[in-house]
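Take a look at the structure set out below.
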Amino acid sequence: MRWPKGVSGLCYGGDYNPEQWFEDVWREDVELMRRAGVNLVNVGVFAWSRLEPEEGHYTFGWLDRVLDLLADGGVKVALATPTASPPPWFSLAYPDALPVRGDGTRLLHGSRDTYCASAPAYRAACRRIAGALAERYAGHPALALWHVHNEYGTVCHCDHAAAAFRGWLRKEYGGLDALNDAWVSAFWSQHYSAWEQIFPPRATQYLPNPGQLLDFRRFWSDELLSAYVEQRDLLREATPDVPITTNYVIGGWVPVDHARWAREVDLVAIDHYPTDAGLGAEEQTAFGADLARSWAGGKPWLLMETAPNLVYTPERMHAKEPGRMIRHSLSHVARGSRGAMFFQWRAPRGGAERYHSALVPHAGPDSRVYREAVRLGDCLSRLTEVDGAPIEASVAIAWDAASWWALQAPGMPMEVDYAAEVQAAHRALWRAGVTTDLVALTDPLPHRLLVLPAHYLLSDDAAAAIRAYVAGGGHLVATYLSGVADEHGRIRLGGYPGALRDVLGVRVEEFQPSPDGWAELVRLAGASQVRPGVTRHGYGAGVAWYISARLDDGAYQDVLTEAARGAGVAAGGVPGVEVVRRGGGWVFALNHTDQAHEIPAEGVDVLTGVAVTGVLTLPAGAYAVLRPTPDLAERRAERA
Ligand code: GLA
């Protein structure tokens with residue numbers, strides 16, 4: 001883990017697109033950034049056509065002037081390689097590098113992200129522009145971080161992708177026998193007798209092969225990763241002292257295994273845009289932040305993009321109420337982000353995202369949002385001292401990208417949205433006042449309680465790790481569909497959930513999905529029923545709960561609260577008041593409700609300097625970050 005070079009304190013800023021503006025605006029920008037306390041901006045994310053207007057002809061003059069201005073104003077730069085949006089000349093010159101959908105449609109220039117990551121011409125063009133930027137700006141005083149690409153996730157099904165897919169499968173399986181076995185290709189006459197017979201999943205007559213779908217996603221994650229690594233390596237060679245990252249986008253369409261990618265970045269960075277307009281936005285924020293921390297291995301990470309105000313929701317854009325931008329930012333910082341960065345600095349005059357919000361809105365700096373941006377800058381500048389204090393969490397929820405992908409394949413007994421299942425568990429615990437880590441089953445598990453929501457795929461090794469965890473005294477809550485299939489998606493036989501029957505003490509003979517939701521016919525095999533759809537089983541020194549039916553939010557919260565308490569974890573708190581405790585006695589308290597609340601706490605609010613002795617009163621929408629007083633720190637040290 002490395003930090004933006006030369007940035008002192010928490011990072012604050014966002015995407016800055018000077019290529020959209022005249023130079024007099026740049027000067028105003030730097031002055032406004034200075035007033036808001038902005039110390040880091042992402043520059044050049046979509047500037048390829050301005051940097052290389054013709055193939056091999058570079059126009060760096062404008063960027064030189066921008067970076068000089070920023071350096072003089074004390075603002076550091078996360079310099080992007082602009083490879084998420086190839087210029088029009090590229091698409092015309094290399095039509096084979098345009099992406100092809102599963103139905104065979106080749107997409108054309110006109111938006112962004114229109115390329116195939118397997119196309120040799122695209123990869124070569126990326127290396128050239130990244131290399132040219134590295135050469136030009138290696139020694140620039142503003143350069144603090146390399147921001148490679150933007151939100152890797154674009155998929156392609158063309159012949160370049162097909163060739164690369166075959167190469168990946170050969171490495172993965174060694175021979176066709178193993179592949180045929182993993183994909184259960186005996187079904188529907190899909191047995192492969194030569195590698196050339198294999199293609200990416202493309203439009204086909206009826207249901208596709210789920211093993212092929214799953215492996216294509218795994219392959220594409222690795223293919224995009226290799227595109228990132230190629231750029232990273234050349235940037236690293238040019239500037240070994242400048243950390244390198246790429247901003248993760250999270251979504252069901254994203255074929256990226258972020259946990260695996262985390263090993264290749266110097267700093268985990270996520271973009272996060274809650275879509276809910278109500279309290280769900282705060283729950284989504286906490287979830288995204290906990291996920292990022294998990295990918296960062298519990299270490300600090302960075303919120304690279306979020307919206308200052310208007311956010312896209314499925315129906316319409318939704319405005320963030322006053323104060324909400326600061327509370328969301330503090331929630332991210334509370335959960336390990338080393339700052340808060342936004343999309344975007346200044347709202348554009350046109351273009352596809354012309355109404356996307358910005359720290360400097362269309363109305364200009366004389367606006368509620370910019371004033372709030374100034375207040376946020378002040379808050380963040382006071383929080384440097386909390387950076388690095390570990391987040392206290394004794395409950396873990398498993399997160400597995402491959403289970404998400406496997407559950408997306410058509411042909412399941414009913415559609416189950418894996419991410420929604422994990423978020424439901426996280427939400428229930430958030431509402432119960434319990435801070436959770438999200439984990440991969442290969443991570444160390446010091447937690448008292450482990451929740452496995454719809455963890456569909458379990459390898460033998462992962463199942464053995466869970467067994468050992470519970471036998472050793474851990475508490476487990478597994479929900480339906482966990483452990484039903486092996487890592488290739490092949491069903492484990494003898495009764496569901498094959499990999500976990502013994503730990504859970506149940507044997508499921510039938511799934512019984514209905515319009516009301518998920519349900520199962522469960523035979524008790526050692527477990528006892530706690531309530532409809534919920535069983536509990538003592539296993540070794542631990543306890544294993546099984547939730548075989550979809551519970552509503554209230555019932556889910558009750559069950560997880562009981563399981564948490566049974567594991568010795570305190571649960572409770574004021575609904576809508578988010579409390580996150582950090583090592584050493586730090587407390588973040590955020591009142592997301594429209595009423596005042598009191599919570600037991602002590603310390604000194606670093607944002608206001610006010611001392612709190614026993615009870616913290618938070619007016620509606622208010623927030624506080626309490627630094628432990630020396631005597632509290634001593635008492636904690638004695639207790640430890
Ligand atoms: C992502 C992208 C940005 C912008 C925002 C809009 O995070 O990286 O370029 O499109 O979404 O919310």
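To be explicit about the labels: the chains of the structure tokens are called A, B, and onward in the order shown, and within each one the residues are counted from 1, while ligands get numbers from 1 in the order they are shown.
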
Distance filter 6 Å around ligand 1, atoms: only C-alpha atoms and all ligand atoms, out as a list in words: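 Taking only C-alpha atoms and all ligand atoms into account, the residues around ligand 1 at most 6 Å away are Asn150, Glu151, Asp271 and Glu305 of chain A.
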
For all heavy atoms, I'd like the residues from the last selection saved as an mmCIF file, in the first residue's frame.
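Generated output (result03.cif):
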data_model
loop_
_atom_site.group_PDB
_atom_site.id
_atom_site.type_symbol
_atom_site.label_atom_id
_atom_site.label_comp_id
_atom_site.auth_asym_id
_atom_site.auth_seq_id
_atom_site.Cartn_x
_atom_site.Cartn_y
_atom_site.Cartn_z
ATOM 1 N N ASN A 150 -9.986 3.991 -16.714
ATOM 2 C CA ASN A 150 -11.124 4.390 -15.888
ATOM 3 C C ASN A 150 -12.124 3.252 -15.853
ATOM 4 O O ASN A 150 -12.601 2.802 -16.898
ATOM 5 C CB ASN A 150 -11.806 5.636 -16.472
ATOM 6 C CG ASN A 150 -12.826 6.226 -15.519
ATOM 7 O OD1 ASN A 150 -12.467 6.732 -14.450
ATOM 8 N ND2 ASN A 150 -14.098 6.152 -15.875
ATOM 9 N N GLU A 151 -12.367 2.766 -14.664
ATOM 10 C CA GLU A 151 -13.429 1.764 -14.469
ATOM 11 C C GLU A 151 -13.375 0.625 -15.492
ATOM 12 O O GLU A 151 -14.286 0.442 -16.305
ATOM 13 C CB GLU A 151 -14.807 2.436 -14.517
ATOM 14 C CG GLU A 151 -14.994 3.467 -13.429
ATOM 15 C CD GLU A 151 -16.442 3.922 -13.279
ATOM 16 O OE1 GLU A 151 -17.199 3.839 -14.259
ATOM 17 O OE2 GLU A 151 -16.806 4.351 -12.173
ATOM 18 N N ASP A 271 -15.076 3.682 -7.080
ATOM 19 C CA ASP A 271 -16.079 4.696 -7.386
ATOM 20 C C ASP A 271 -17.358 4.204 -6.751
ATOM 21 O O ASP A 271 -17.681 3.007 -6.857
ATOM 22 C CB ASP A 271 -16.260 4.821 -8.904
ATOM 23 C CG ASP A 271 -14.984 5.306 -9.579
ATOM 24 O OD1 ASP A 271 -14.058 5.722 -8.852
ATOM 25 O OD2 ASP A 271 -14.920 5.266 -10.813
ATOM 26 N N GLU A 305 -14.287 8.284 -6.581
ATOM 27 C CA GLU A 305 -15.374 9.060 -7.197
ATOM 28 C C GLU A 305 -16.666 8.821 -6.449
ATOM 29 O O GLU A 305 -17.008 7.678 -6.135
ATOM 30 C CB GLU A 305 -15.651 8.584 -8.626
ATOM 31 C CG GLU A 305 -14.725 9.045 -9.680
ATOM 32 C CD GLU A 305 -15.201 8.543 -11.046
ATOM 33 O OE1 GLU A 305 -16.416 8.402 -11.267
ATOM 34 O OE2 GLU A 305 -14.330 8.269 -11.873
#

Test item: residues at most 10 Å from A:Leu224, only C-alpha atoms, excluding those fewer than 6 positions along its chain, as a list in words: Cys116, Ala117, Ser118, Tyr152, Gly153, Thr154, Val155, Glu230, Pro255, Val256 and Trp261 of chain A

Secondary structure check, helix (DSSP H, G or I) residues of stretch 62-292 of chain A, as a PyMOL selection string: chain A and resi 62-72+88-93+95-97+120-137+159-173+176-182+187-189+195-197+210-238+258-264+280-292

For A:Leu458, the nearest of the candidates A:Trp220, A:Phe199, A:Tyr556, A:Trp399, counting only C-alpha atoms: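 Looking only at the distances to A:Leu458, the closest residue turns out to be A:Trp399.
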
Residue contacts of stretch 376-384 of chain A (12 Å, only C-alpha atoms) excluding same-chain residues fewer than 5 positions away, as a VMD selection string: chain A and resid 7 to 13 32 to 40 308 322 to 334 336 to 342 359 369 to 371 389 586 to 588 605 to 609 623 to 627

Which residues, written as a short mmCIF file (atom, residue, chain, number, x, y, z; two decimals) with all heavy atoms, in the first residue's frame, have at least one atom at most 10 Å from A:Ala596, with only C-alpha atoms counted and residues fewer than 6 positions away on the same chain left out?
data_model
loop_
_atom_site.label_atom_id
_atom_site.label_comp_id
_atom_site.auth_asym_id
_atom_site.auth_seq_id
_atom_site.Cartn_x
_atom_site.Cartn_y
_atom_site.Cartn_z
N VAL A 577 -28.54 6.05 13.12
CA VAL A 577 -27.32 6.72 13.62
C VAL A 577 -26.16 5.74 13.42
O VAL A 577 -26.13 4.67 14.04
CB VAL A 577 -27.44 7.13 15.10
CG1 VAL A 577 -26.13 7.77 15.58
CG2 VAL A 577 -28.60 8.11 15.26
N THR A 617 -24.71 14.31 22.03
CA THR A 617 -25.99 14.71 21.44
C THR A 617 -25.76 15.11 19.99
O THR A 617 -24.94 15.99 19.71
CB THR A 617 -26.59 15.90 22.22
OG1 THR A 617 -26.70 15.49 23.59
CG2 THR A 617 -27.96 16.28 21.69
N LEU A 618 -26.48 14.45 19.11
CA LEU A 618 -26.33 14.75 17.68
C LEU A 618 -27.64 15.31 17.15
O LEU A 618 -28.63 14.57 17.02
CB LEU A 618 -26.01 13.47 16.91
CG LEU A 618 -24.61 12.88 17.03
CD1 LEU A 618 -24.56 11.51 16.38
CD2 LEU A 618 -23.58 13.81 16.40
N PRO A 619 -27.70 16.59 16.82
CA PRO A 619 -28.91 17.12 16.19
C PRO A 619 -29.17 16.41 14.86
O PRO A 619 -28.29 15.70 14.35
CB PRO A 619 -28.56 18.60 15.96
CG PRO A 619 -27.41 18.89 16.86
CD PRO A 619 -26.67 17.61 17.04
N ALA A 620 -30.37 16.60 14.30
CA ALA A 620 -30.72 15.96 13.02
C ALA A 620 -29.63 16.23 11.99
O ALA A 620 -29.19 17.36 11.83
CB ALA A 620 -32.04 16.53 12.53
N GLY A 621 -29.17 15.17 11.33
CA GLY A 621 -28.20 15.32 10.24
C GLY A 621 -26.78 15.65 10.70
O GLY A 621 -25.90 15.86 9.86
N ALA A 622 -26.54 15.67 12.01
CA ALA A 622 -25.22 16.09 12.49
C ALA A 622 -24.24 14.92 12.54
O ALA A 622 -24.61 13.75 12.44
CB ALA A 622 -25.35 16.72 13.87
#

Atomic distance atom CA of A:Ser294 - atom CA of A:Asp437, expressed in Å with one decimal: 6.5 Å
